[in-house]
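Student: One structure coming up, written as structure tokens, with questions to follow.
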Amino acid sequence: MKNIDETVAFIKGLFPDDSLIPLHEPRFDESDKQALLDCVNTTFVSSVGEFVDRLEREIADFCGVGHAIAVVNGTAALHTALVVSGVGAEHEVITQALTFVATANAICYCGADPIFIDVDLDSMALDPIALEKFLMTSTFQDKNGVCTNKLTGKKIKACIPMHTFGHVSKMDEIIQACHRRNITVIEDAAEALGSSLGARKAGSIGDIGTFSFNGNKIITCGGGGIITTNDPSIAKLAKHLTTTAKVPHKFDYFHDQIGFNYRLPNLNASLACSQLAKIDYFIEQKQKLARKYEAFFAEQGITSFKPREGIKSNYWLNAIILESREDRDHFLKLTNEKGVMTRPIWKLMSELPMFAKCQTDGLEQSRYLADRVVNLPSSAPRL
């Protein structure tokens with residue numbers, strides 16, 4: 001890094017109203033406040049209400065899917081997606097080690113084990129070539145066509161590619177590899193609302209999609225999440241399970257299986273509806289920010305990560321790739337000391353104690369990126 005002071009000055013110029021520049025903060029306006037007030041005035045602020053129903057309809061329309069189910073957060077969306085896919089104890093789920101911990105945690109909530117496969121350098125997401133290699137060499141299909149791990153003897157029920165920083169992963173190749181072996185594909189699109197692969201929006205490409213509305217996402221309602229699918233039976237089961245598996249009745253309480261209290265409160269949904277109305281503006285502004293970063297760092301000989309051809313990204317978080325771990329750590333230390341919040345990419349899941357014994361394929365490219373990637377402040381302009 002040639003000149004940290006110049007970089008800090010550039011970033012502070014992008015966010016002139018902030019003395020301490022956060023990595024990503026939400027943007028609210030009067031319409032968001034009015035939406036919350038409208039909900040309060042209905043007195044329906046908990047698990048049912050018009051805003052929950054509206055949010056589900058609007059997200060389904062926005063993503064181009066038949067069904068959307070609102071839940072309390074993105075992790076709950078992932079957990080439910082795995083449950084309705086039949087994942088349980090004695091099963092395994094393929095995912096990437098370069099991801100936020102929620103992806104792997106949700107697998108373990110089901111009693112299943114993660115298998116961590118490498119990412120590729122041009123998507124920072126699950127590498128379909130590495131995936132196919134693992135499936136060809138390390139699995140077989142039993143007499144019922146179920147994909148089985150040669151090493152453990154466990155059934156591989158699902159695969160979760162994660163759209164890193166909002167850039168859609170190589171879904172077509174991943175789906176082909178998985179569907180040939182009857183493996184359900186669940187998109188971890190927590191970061192990718194509004195991104196697309198060609199004409200298809202994130203969350204509409206795999207068998208099931210999941211999103212997050214956490215406070216640091218492109219739109220937020222404090223928490224919140226969404227499950228998306230075109231399969232009406234999956235949608236019906238997901239809605240049932242996330243509402244404590246209660247059988248509908250005017251007054252009686254009967255629950256027909258173990259369910260989850262994963263319902264999104266109507267109060268949160270009202271804010272999410274208001275935020276969703278502004279998503280095109282947020283994406284446009286974040287794309288402009290990405291172009292400014294790319295031009296600035298190109299002059300310094302530093303690579304900005306950008307989506308490959310055919311991807312429209314929401315640029316949730318901007319990222320640069322430095323030459324070494326030492327360069328990365330130096331950059332992180334000095335920028336944070338000077339009031340610019342920058343962050344490394346996540347620690348590989350395989351390096352966390354609870355996942356240290358999970359099967360991997362070596363993760364060569366994941367380790368390369370983990371040593372070099374830095375995220376930059378990526379908030380949209382103040383409204």
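As shown in the structure tokens, the chain order sets the letters A, B, ...; within each chain, residues go from 1, and ligands are also counted from 1 in the order they appear.
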Give the strand (DSSP E or B) residues of range 190-345 of chain A, as DSSP finds them on the backbone, and put them as a PyMOL selection string.
Tutor: chain A and resi 196-197+200-201+208-212+221+223-229+243+246+255+261+263+303-304+311-312+318-321+340+343-344
Student: Hey, can you spit out that residue selection with C-alpha atoms as a compact mmCIF listing (two decimals), in the first residue's frame?
Tutor:
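Heads up, here's the output in out_39.txt:
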# COMPACT_ATOMS: atom_id res chain seq x y z
CA SER A 196 -29.12 -11.07 -10.33
CA LEU A 197 -27.62 -13.67 -12.65
CA ARG A 200 -32.87 -14.14 -12.64
CA LYS A 201 -32.81 -12.50 -9.24
CA ILE A 208 -34.90 -22.44 -2.05
CA GLY A 209 -33.53 -18.97 -1.33
CA THR A 210 -32.83 -17.23 1.96
CA PHE A 211 -32.28 -13.55 2.79
CA SER A 212 -31.38 -11.41 5.79
CA CYS A 221 -35.86 -3.89 9.62
CA GLY A 223 -33.54 -8.18 12.09
CA GLY A 224 -35.71 -10.25 9.81
CA GLY A 225 -35.29 -12.73 7.02
CA ILE A 226 -37.12 -14.29 4.10
CA ILE A 227 -37.40 -17.76 2.54
CA THR A 228 -38.18 -17.85 -1.19
CA THR A 229 -39.29 -20.75 -3.38
CA THR A 243 -45.42 -20.43 13.02
CA LYS A 246 -50.00 -24.60 14.82
CA HIS A 255 -49.64 -28.19 17.08
CA ASN A 261 -41.26 -19.53 16.81
CA ARG A 263 -42.36 -15.48 12.91
CA THR A 303 -7.33 -4.99 -7.44
CA SER A 304 -10.95 -4.23 -6.60
CA ILE A 311 -23.89 -10.53 -12.93
CA LYS A 312 -25.71 -7.46 -11.68
CA ASN A 318 -16.89 -3.39 -1.59
CA ALA A 319 -13.66 -5.36 -1.39
CA ILE A 320 -10.05 -5.02 -2.46
CA ILE A 321 -7.46 -7.80 -2.73
CA VAL A 340 -12.12 4.42 8.72
CA ARG A 343 -12.57 -5.39 7.96
CA PRO A 344 -10.94 -8.63 6.79
Student: Got a sec: who's within 8 Å of Ala272 in chain A, counting only C-alpha atoms, leaving out chain neighbours fewer than 6 positions off, as a list in words?
Tutor: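 Here the answer would be Leu55, Phe213, Ile219, Thr220 and Cys221 of chain A.
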Student: Convert the current residue selection to file output with C-alpha atoms, as a tab-separated table (two decimals), in the first residue's frame.
Tutor:
chain	number	residue	atom	x	y	z
A	55	LEU	CA	-43.83	-8.01	2.70
A	213	PHE	CA	-32.66	-7.98	6.82
A	219	ILE	CA	-32.34	-2.99	3.43
A	220	THR	CA	-33.09	-3.63	7.08
A	221	CYS	CA	-35.86	-3.89	9.62
Student: Nearest to Leu383 in chain A among A:Asp29, A:Asp17, A:Asp113, A:Asp120, with distances taken over only C-alpha atoms: which residue is it?
Tutor: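 Checking each candidate against Leu383 in chain A, we get A:Asp29 as the closest.
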Student: Out of A:Glu56, A:Asp188, A:Asp118, A:Asp371, which residue has the shortest atom-to-atom distance to Val71 in chain A when counting only C-alpha atoms?
Tutor: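 Ranking A:Glu56, A:Asp188, A:Asp118, A:Asp371 by distance to Val71 in chain A, first place goes to A:Glu56.
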Student: Of the residues A:Phe355, A:Phe140, A:Phe282, A:Tyr368, which is the one nearest to Arg27 in chain A, using only C-alpha atoms?
Tutor: A:Phe282
Student: To one decimal place in Å, what is the distance between CA of Glu337 in chain A and CA of Ile21 in chain A?
Tutor: 11.4 Å
Student: Fewer than 2 positions away in the same chain doesn't count, so skip those; otherwise give me all residues within 6 Å of Lys154 in chain A, counting only C-alpha atoms, as a PyMOL selection string.
Tutor: chain A and resi 90-91+148-149+152
Student: Give me, as an MDAnalysis selection string, all polymer residues having an atom no more than 6 Å from range 122-139 of chain A, counting only C-alpha atoms and skipping those fewer than 3 positions away in the same chain.
Tutor: chainID A and resid 96 118:119 148:150 161 164 169 173:174
Student: Could the residues in this selection be saved with C-alpha atoms as a PDB file, in the first residue's frame?
Tutor:
ATOM      1  CA  GLN A  96     -18.110 -23.042   1.473  1.00  0.00           C
ATOM      2  CA  ASP A 118     -13.256 -24.382  -1.979  1.00  0.00           C
ATOM      3  CA  VAL A 119     -14.343 -21.126  -3.598  1.00  0.00           C
ATOM      4  CA  THR A 148     -23.472 -40.770  -0.113  1.00  0.00           C
ATOM      5  CA  ASN A 149     -20.085 -39.754   1.239  1.00  0.00           C
ATOM      6  CA  LYS A 150     -17.513 -42.529   0.718  1.00  0.00           C
ATOM      7  CA  PRO A 161     -23.680 -21.704  -2.056  1.00  0.00           C
ATOM      8  CA  THR A 164     -20.382 -13.368  -1.240  1.00  0.00           C
ATOM      9  CA  SER A 169     -22.312 -17.386  -7.348  1.00  0.00           C
ATOM     10  CA  GLU A 173     -23.050 -25.127 -12.752  1.00  0.00           C
ATOM     11  CA  ILE A 174     -23.668 -25.770  -9.052  1.00  0.00           C
TER      12      ILE A 174
END
Student: CA of Gly259 in chain A and CA of Val247 in chain A, how far apart in Å?
Tutor: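 Computed distance, CA of Val247 in chain A to CA of Gly259 in chain A, equals 11.0 Å.
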Student: Set the distance at 8 Å and use only C-alpha atoms: which residues neighbour range 284-298 of chain A once local chain neighbours fewer than 6 positions away are removed? I'd like the list as a list in words.
Tutor: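 My reading of the contact set: Ser304, Ser313, Asn314, Tyr315, Trp316, Asn318, Ser378, Ser379, Ala380 and Pro381 of chain A.
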